$ cat protein22.cif   # mmCIF, C-alpha atoms and all ligand atoms
data_entry
loop_
_atom_site.label_atom_id
_atom_site.label_comp_id
_atom_site.auth_asym_id
_atom_site.auth_seq_id
_atom_site.Cartn_x
_atom_site.Cartn_y
_atom_site.Cartn_z
CA MET A 1 18.68 -1.90 -11.13
CA HIS A 2 15.31 -0.20 -11.67
CA ILE A 3 12.84 -0.28 -8.75
CA ILE A 4 9.17 0.66 -9.08
CA VAL A 5 7.38 1.69 -5.88
CA CYS A 6 3.58 1.86 -5.78
CA ILE A 7 2.38 4.67 -3.55
CA LYS A 8 -1.20 5.59 -2.71
CA GLN A 9 -2.62 8.85 -1.40
CA VAL A 10 -4.90 8.16 1.56
CA PRO A 11 -6.93 10.31 3.93
CA ASP A 12 -5.26 10.76 7.32
CA THR A 13 -7.35 8.08 9.01
CA THR A 14 -7.09 9.51 12.49
CA GLU A 15 -9.69 11.96 11.15
CA ILE A 16 -11.85 9.64 9.02
CA ARG A 17 -15.63 9.98 9.36
CA ILE A 18 -18.46 8.14 7.66
CA ASP A 19 -21.51 10.01 6.43
CA PRO A 20 -24.28 8.44 8.57
CA VAL A 21 -26.89 8.88 5.82
CA LYS A 22 -24.96 8.00 2.65
CA GLY A 23 -22.60 5.50 4.32
CA THR A 24 -19.65 6.91 2.33
CA LEU A 25 -16.36 8.34 3.61
CA VAL A 26 -16.44 12.05 4.33
CA ARG A 27 -13.37 13.26 2.43
CA GLU A 28 -14.03 17.02 2.43
CA GLY A 29 -11.53 18.99 4.48
CA ILE A 30 -9.58 15.87 5.49
CA PRO A 31 -5.82 16.07 4.95
CA SER A 32 -4.29 13.47 2.64
CA ILE A 33 -0.99 11.71 3.23
CA MET A 34 1.23 9.13 1.56
CA ASN A 35 0.12 5.72 2.84
CA PRO A 36 2.53 4.81 5.69
CA ASP A 37 3.48 1.31 4.43
CA ASP A 38 4.25 2.85 1.01
CA LYS A 39 6.57 5.36 2.65
CA GLY A 40 8.36 2.37 4.22
CA GLY A 41 8.60 0.75 0.76
CA LEU A 42 9.95 3.98 -0.68
CA GLU A 43 12.56 4.14 2.08
CA LEU A 44 13.68 0.59 1.23
CA ALA A 45 14.00 1.54 -2.46
CA LEU A 46 16.00 4.66 -1.60
CA ARG A 47 18.36 2.59 0.57
CA PHE A 48 18.87 0.28 -2.45
CA LYS A 49 19.54 3.38 -4.53
CA GLU A 50 22.30 4.45 -2.13
CA LEU A 51 23.79 0.97 -1.70
CA TYR A 52 23.54 -0.41 -5.22
CA GLY A 53 22.97 2.63 -7.45
CA ALA A 54 19.35 1.74 -8.26
CA GLN A 55 16.99 4.02 -10.19
CA VAL A 56 13.68 4.55 -8.38
CA THR A 57 10.31 5.27 -10.04
CA VAL A 58 7.11 5.86 -8.08
CA ILE A 59 3.64 5.14 -9.51
CA SER A 60 0.30 6.14 -8.11
CA MET A 61 -3.22 5.71 -9.45
CA GLY A 62 -5.55 8.43 -8.30
CA PRO A 63 -7.06 11.83 -8.96
CA PRO A 64 -4.89 14.85 -9.98
CA GLN A 65 -4.45 15.80 -6.27
CA ALA A 66 -2.30 12.67 -5.80
CA ASP A 67 0.41 14.75 -7.49
CA MET A 68 1.23 15.94 -3.93
CA ILE A 69 2.58 12.59 -2.70
CA LEU A 70 4.57 12.13 -5.91
CA ARG A 71 6.29 15.48 -5.29
CA GLU A 72 6.93 14.37 -1.70
CA ALA A 73 8.60 11.29 -3.18
CA PHE A 74 10.77 13.54 -5.40
CA ALA A 75 11.80 15.46 -2.29
CA MET A 76 12.79 12.18 -0.64
CA GLY A 77 15.03 11.29 -3.60
CA VAL A 78 13.17 9.36 -6.34
CA ASP A 79 14.16 9.73 -9.99
CA ARG A 80 10.81 9.49 -11.78
CA ALA A 81 7.13 9.86 -10.86
CA ILE A 82 4.08 8.61 -12.78
CA LEU A 83 0.45 9.38 -11.98
CA LEU A 84 -2.21 7.15 -13.54
CA SER A 85 -5.18 9.46 -13.79
CA ASP A 86 -8.15 8.99 -16.08
CA ARG A 87 -11.94 8.80 -15.63
CA LYS A 88 -11.69 5.24 -16.97
CA PHE A 89 -9.99 4.21 -13.69
CA ALA A 90 -12.83 5.60 -11.51
CA GLY A 91 -14.73 3.18 -9.28
CA ALA A 92 -11.96 0.58 -9.44
CA ASP A 93 -11.93 -2.19 -6.84
CA THR A 94 -8.64 -3.83 -5.82
CA LEU A 95 -8.56 -6.13 -8.88
CA ALA A 96 -9.07 -3.26 -11.35
CA THR A 97 -6.59 -1.09 -9.41
CA SER A 98 -3.86 -3.73 -9.49
CA TYR A 99 -4.66 -4.45 -13.16
CA ALA A 100 -4.12 -0.78 -14.10
CA LEU A 101 -0.92 -0.54 -12.05
CA ALA A 102 0.38 -3.76 -13.65
CA GLY A 103 -0.53 -2.40 -17.10
CA ALA A 104 1.70 0.62 -16.44
CA ILE A 105 4.55 -1.34 -14.86
CA ARG A 106 4.61 -3.81 -17.77
CA THR A 107 5.52 -0.97 -20.15
CA LEU A 108 8.61 -0.14 -18.06
CA ASP A 109 11.92 -1.97 -17.92
CA PHE A 110 12.13 -2.93 -14.23
CA ASP A 111 13.88 -5.32 -11.84
CA LEU A 112 11.85 -5.04 -8.65
CA VAL A 113 8.37 -3.85 -7.65
CA ILE A 114 7.69 -2.68 -4.10
CA ALA A 115 4.23 -1.97 -2.66
CA GLY A 116 3.07 -1.29 0.84
CA ARG A 117 1.52 -4.21 2.71
CA GLN A 118 -1.77 -2.38 3.17
CA ALA A 119 -3.43 0.98 2.56
CA ILE A 120 -4.90 2.54 5.69
CA ASP A 121 -8.17 3.49 3.97
CA GLY A 122 -9.14 0.50 1.80
CA ASP A 123 -7.28 -1.79 4.20
CA THR A 124 -7.52 -4.94 2.09
CA ALA A 125 -3.79 -5.75 1.56
CA GLN A 126 -4.83 -7.24 -1.80
CA VAL A 127 -3.25 -4.90 -4.36
CA GLY A 128 0.40 -6.02 -3.89
CA PRO A 129 -0.30 -9.77 -4.24
CA GLU A 130 -2.70 -9.14 -7.15
CA LEU A 131 -0.02 -7.07 -8.86
CA ALA A 132 2.36 -10.04 -8.65
CA GLU A 133 -0.32 -12.28 -10.22
CA HIS A 134 -1.01 -9.84 -13.08
CA LEU A 135 2.73 -9.53 -13.77
CA ASP A 136 3.26 -13.28 -13.31
CA LEU A 137 6.03 -12.66 -10.78
CA PRO A 138 6.97 -14.28 -7.47
CA GLN A 139 6.07 -12.26 -4.40
CA VAL A 140 7.13 -11.91 -0.78
CA SER A 141 4.63 -10.18 1.48
CA TYR A 142 5.10 -8.67 4.96
CA VAL A 143 8.73 -7.76 4.24
CA VAL A 144 10.75 -6.34 7.15
CA GLY A 145 14.26 -6.51 5.65
CA ALA A 146 15.91 -6.92 2.24
CA GLU A 147 19.41 -6.94 0.80
CA ARG A 148 20.86 -7.71 -2.61
CA LEU A 149 23.41 -10.53 -2.75
CA ALA A 150 26.55 -10.46 -4.92
CA ASP A 151 24.91 -12.75 -7.51
CA GLY A 152 21.90 -10.40 -7.87
CA ARG A 153 19.45 -12.48 -5.82
CA LEU A 154 17.50 -10.78 -3.04
CA ARG A 155 17.62 -12.01 0.54
CA VAL A 156 14.36 -10.97 2.15
CA LYS A 157 13.02 -11.15 5.70
CA LYS A 158 9.30 -11.85 5.97
CA GLU A 159 7.45 -11.35 9.22
CA ASN A 160 4.88 -13.99 10.18
CA GLU A 161 2.60 -13.85 13.18
CA ASP A 162 5.11 -15.56 15.48
CA SER A 163 8.32 -15.88 13.46
CA VAL A 164 10.54 -14.24 10.87
CA GLN A 165 11.41 -16.18 7.70
CA THR A 166 14.47 -15.49 5.54
CA LEU A 167 13.89 -16.15 1.84
CA GLU A 168 16.03 -15.77 -1.25
CA VAL A 169 14.41 -14.64 -4.50
CA GLU A 170 15.91 -14.91 -7.94
CA GLY A 171 14.95 -12.56 -10.75
CA LYS A 172 12.14 -9.99 -10.80
CA CYS A 173 9.66 -10.06 -7.94
CA VAL A 174 7.09 -8.07 -5.98
CA LEU A 175 7.66 -7.22 -2.30
CA THR A 176 5.01 -5.84 0.03
CA VAL A 177 6.55 -3.94 2.88
CA LEU A 178 5.72 -3.04 6.49
CA ALA A 179 6.19 0.61 7.49
CA SER A 180 7.44 -0.33 10.96
CA ALA A 181 10.61 -1.88 9.49
CA PHE A 182 11.81 1.06 7.41
CA GLU A 183 11.82 4.42 9.20
CA PRO A 184 11.36 6.87 6.30
CA ARG A 185 13.84 9.67 5.78
CA TYR A 186 12.78 13.30 5.99
CA MET A 187 12.43 15.32 2.81
CA GLN A 188 15.52 17.48 2.18
CA VAL A 189 14.94 21.26 2.04
CA SER A 190 16.69 21.46 -1.35
CA GLY A 191 14.62 18.43 -2.40
CA ILE A 192 11.35 20.17 -1.49
CA VAL A 193 12.25 23.22 -3.59
CA ASP A 194 13.43 20.98 -6.43
CA ALA A 195 10.31 18.77 -6.25
CA TYR A 196 8.15 21.54 -7.71
CA SER A 197 10.30 21.94 -10.81
CA ARG A 198 10.28 18.20 -11.57
CA GLU A 199 7.82 16.63 -14.00
CA VAL A 200 5.15 14.28 -12.70
CA GLU A 201 4.16 12.26 -15.79
CA VAL A 202 0.38 11.89 -16.04
CA TRP A 203 -0.63 8.72 -17.89
CA SER A 204 -4.14 8.04 -19.14
CA ALA A 205 -5.56 4.58 -19.87
CA ASP A 206 -4.45 4.54 -23.51
CA ARG A 207 -0.80 4.68 -22.40
CA LEU A 208 -1.13 1.33 -20.53
CA ASP A 209 -0.75 -2.26 -21.72
CA VAL A 210 -4.34 -3.19 -20.76
CA ASP A 211 -7.74 -4.32 -21.97
CA GLU A 212 -9.77 -1.18 -21.13
CA THR A 213 -12.90 -3.20 -20.29
CA LYS A 214 -11.02 -4.50 -17.23
CA LEU A 215 -10.46 -0.99 -15.81
CA GLY A 216 -12.53 1.05 -13.37
CA LEU A 217 -16.07 0.20 -12.33
CA SER A 218 -16.78 -2.02 -15.35
CA GLY A 219 -13.69 -4.12 -14.60
CA SER A 220 -14.51 -4.44 -10.89
CA PRO A 221 -16.12 -7.70 -9.78
CA THR A 222 -16.74 -6.44 -6.21
CA LYS A 223 -19.33 -3.82 -5.31
CA VAL A 224 -19.47 -2.00 -1.98
CA PHE A 225 -22.99 -2.63 -0.69
CA GLN A 226 -22.85 -0.50 2.46
CA SER A 227 -20.35 1.21 4.80
CA PHE A 228 -21.16 2.12 8.37
CA PRO A 229 -19.26 3.11 11.50
CA LYS A 230 -18.75 0.34 14.05
CA ALA A 231 -21.36 0.32 16.79
CA LEU A 232 -19.89 1.32 20.15
CA LYS A 233 -19.30 -1.63 22.45
CA ALA A 234 -20.89 -1.77 25.91
CA PRO A 235 -18.52 -0.64 28.64
CA GLY A 236 -16.37 -3.43 30.10
CA LYS A 237 -16.84 -4.89 33.56
CA LEU A 238 -14.02 -4.40 36.05
CA CYS A 239 -13.42 -7.20 38.57
CA GLU A 240 -10.73 -7.47 41.20
CA ALA A 241 -9.58 -11.08 41.49
CA CYS A 242 -6.49 -13.25 41.76
CA ALA A 243 -5.35 -15.11 38.61
CA GLU A 244 -7.35 -18.28 39.37
CA GLU A 245 -10.57 -16.41 40.17
CA ALA A 246 -10.07 -14.19 37.10
CA VAL A 247 -9.88 -17.25 34.83
CA GLU A 248 -13.05 -18.66 36.40
CA ILE A 249 -14.90 -15.36 35.96
CA MET A 250 -13.85 -15.09 32.32
CA VAL A 251 -14.80 -18.69 31.53
CA ASN A 252 -18.20 -18.32 33.22
CA THR A 253 -18.87 -15.03 31.42
CA LEU A 254 -18.02 -16.56 28.06
CA LYS A 255 -20.26 -19.55 28.84
CA GLU A 256 -23.12 -17.26 29.85
CA LYS A 257 -22.84 -15.54 26.48
CA HIS A 258 -22.65 -18.93 24.72
CA LEU A 259 -19.27 -18.04 23.27
CA ILE A 260 -17.64 -21.26 24.49
C1 LIG B 301 -16.62 -1.47 -5.95
C2 LIG B 301 -15.56 -0.56 -5.47
C3 LIG B 301 -15.53 0.74 -5.94
C4 LIG B 301 -14.55 1.59 -5.53
N1 LIG B 301 -14.57 2.83 -6.02
C5 LIG B 301 -13.64 3.69 -5.65
C6 LIG B 301 -13.64 5.02 -6.15
O1 LIG B 301 -14.49 5.38 -6.95
N2 LIG B 301 -12.67 5.86 -5.73
C7 LIG B 301 -11.70 5.44 -4.86
O2 LIG B 301 -10.83 6.25 -4.49
N3 LIG B 301 -11.67 4.18 -4.37
C8 LIG B 301 -12.61 3.31 -4.74
N4 LIG B 301 -12.59 2.07 -4.24
C9 LIG B 301 -11.51 1.68 -3.35
C10 LIG B 301 -10.37 1.12 -4.19
O3 LIG B 301 -10.72 -0.08 -4.76
C11 LIG B 301 -9.18 0.84 -3.30
O4 LIG B 301 -8.80 2.07 -2.72
C12 LIG B 301 -8.00 0.34 -4.10
O5 LIG B 301 -8.34 -0.79 -4.86
C13 LIG B 301 -6.85 -0.07 -3.22
O6 LIG B 301 -7.26 -1.03 -2.30
P1 LIG B 301 -6.78 -0.90 -0.83
O7 LIG B 301 -6.94 0.53 -0.42
O8 LIG B 301 -7.42 -1.95 -0.01
O9 LIG B 301 -5.20 -1.18 -0.98
P2 LIG B 301 -4.30 -2.32 -0.36
O10 LIG B 301 -4.47 -3.56 -1.14
O11 LIG B 301 -4.49 -2.40 1.12
O12 LIG B 301 -2.91 -1.64 -0.73
C14 LIG B 301 -1.69 -2.37 -0.74
C15 LIG B 301 -0.66 -1.56 -1.47
O13 LIG B 301 -0.98 -1.49 -2.85
C16 LIG B 301 -0.55 -0.23 -3.39
N5 LIG B 301 -1.71 0.52 -3.87
C17 LIG B 301 -3.01 0.37 -3.56
N6 LIG B 301 -3.77 1.26 -4.24
C18 LIG B 301 -2.91 2.00 -4.98
C19 LIG B 301 -3.07 3.09 -5.87
N7 LIG B 301 -4.27 3.61 -6.15
N8 LIG B 301 -1.96 3.61 -6.44
C20 LIG B 301 -0.74 3.11 -6.18
N9 LIG B 301 -0.52 2.08 -5.33
C21 LIG B 301 -1.60 1.54 -4.73
C22 LIG B 301 0.12 0.52 -2.24
O14 LIG B 301 1.50 0.23 -2.27
C23 LIG B 301 -0.54 -0.10 -1.03
O15 LIG B 301 0.22 -0.01 0.16
C24 LIG B 301 -13.56 1.17 -4.62
C25 LIG B 301 -13.59 -0.12 -4.13
C26 LIG B 301 -14.58 -0.98 -4.55
C27 LIG B 301 -14.61 -2.37 -3.99
#
$ encode --input "protein22.cif" --output "structure tokens"
Amino acid sequence: MHIIVCIKQVPDTTEIRIDPVKGTLVREGIPSIMNPDDKGGLELALRFKELYGAQVTVISMGPPQADMILREAFAMGVDRAILLSDRKFAGADTLATSYALAGAIRTLDFDLVIAGRQAIDGDTAQVGPELAEHLDLPQVSYVVGAERLADGRLRVKKENEDSVQTLEVEGKCVLTVLASAFEPRYMQVSGIVDAYSREVEVWSADRLDVDETKLGLSGSPTKVFQSFPKALKAPGKLCEACAEEAVEIMVNTLKEKHLI
């Protein structure tokens, strides 16, 4: 079994700031981390490796600095790491990002693709489902549990807003995973030392199975018009009231503001 895990390097969002003039993210001096949902996905893949003897490959698209999270993945126990890095990928929106990732994955012999549900910077949760579309594979999103059955099918738990669904998937598929369900393991000390002697393969666009006009900015149908920090909300109003009075106050306030 060969599992591909898509991992993205993201700024540590507890420290994210937006340039008030340019409206762009201030990235200078901000530490980068492996996106938390991707770490959960990696943990799931590594559990499959232990249970079923799977081989695990991680793929990231990003600048050369993304090498850091791929080495972290080596230290956690992956077998192979690929970095898609080329100026032709620059300015990619989610469609062009998923297209490039799919173009790399298609060249590999794989059984399962795992992505995080959502990246904490772009926050769209689009790349995993788009990847499934590009690869023409079934997908299960919001995964909180997965096991492989004796006949090779996957039994997967999917979290909905108010319920958990159990689904069985036959053949290759894409899963998008929630970090909260898969507590990631720590890197091993020997793994950290070893991670720096391992090879991170750097792939440029010509290595992928893609139409290059669909990569990067030219292949991106969406354009970011403006980014700005959220305006601070007015302070709340504190009222002391019993449950019935509280309901009345809330309803009246909403009516006053023409919200109901
Ligand atoms: C017009 C436009 C221009 C942009 N230009 C740039 C730019 O120049 N530079 C830039 O850094 N960003 C740019 N972005 C942002 C970029 O499109 C997103 O970061 C990227 O598409 C991923 O989307 P997301 O963060 O919402 O991921 P989500 O869809 O929330 O991510 C879901 C999962 O997909 C996987 N995934 C997502 N991205 C990657 C990746 N790169 N590698 C591996 N796995 C991944 C991860 O498993 C992740 O958990 C641009 C966006 C737009 C709309």
$ residues_near_ligand --input "protein22.cif" --ligand "ligand LIG 301 (chain B)" --cutoff "6 Å" --atoms "all atoms listed in the file" --output "number ranges by chain"
A: 6-8, 37-38, 59-62, 90-94, 97, 115-119, 121-128, 222-224
$ atom_distance --input "protein22.cif" --atom1 "atom CA of His2 of chain A" --atom2 "atom CA of Leu44 of chain A"
13.0 Å
$ residues_around --input "protein22.cif" --residues "segment 129-135 of chain A" --least-positions-apart "3" --cutoff "7 Å" --atoms "all atoms listed in the file" --output "list in words"
Leu95, Ser98, Tyr99, Ala102, Gln126, Pro138, Gln139 and Val174 of chain A
$ write_last_selection --input "protein22.cif" --atoms "C-alpha atoms" --output "compact mmCIF listing (two decimals), in the coordinates of the input"
# COMPACT_ATOMS: atom_id res chain seq x y z
CA LEU A 95 -8.56 -6.13 -8.88
CA SER A 98 -3.86 -3.73 -9.49
CA TYR A 99 -4.66 -4.45 -13.16
CA ALA A 102 0.38 -3.76 -13.65
CA GLN A 126 -4.83 -7.24 -1.80
CA PRO A 138 6.97 -14.28 -7.47
CA GLN A 139 6.07 -12.26 -4.40
CA VAL A 174 7.09 -8.07 -5.98
$ closest_residue --input "protein22.cif" --among "A:Leu25, A:Ile249, A:Val210, A:Leu46" --to "Phe89 of chain A" --atoms "only C-alpha atoms"
A:Val210
$ atom_distance --input "protein22.cif" --atom1 "atom CA of Ala54 of chain A" --atom2 "atom CA of Asp194 of chain A"
20.2 Å
$ residues_near_point --input "protein22.cif" --point "(10.5, 17.0, -14.6)" --cutoff "12 Å" --atoms "all atoms listed in the file" --output "PyMOL selection string"
chain A and resi 70-71+74+78-82+194-202
$ closest_residue --input "protein22.cif" --among "A:Gly171, A:Lys230, A:Gly41, A:Glu212" --to "Tyr142 of chain A" --atoms "all atoms listed in the file"
A:Gly41
$ atom_distance --input "protein22.cif" --atom1 "atom CA of Val177 of chain A" --atom2 "atom CA of Leu208 of chain A"
25.2 Å
$ closest_residue --input "protein22.cif" --among "A:Val140, A:Ile4, A:Cys173, A:Leu154" --to "Thr107 of chain A" --atoms "all atoms listed in the file"
A:Ile4
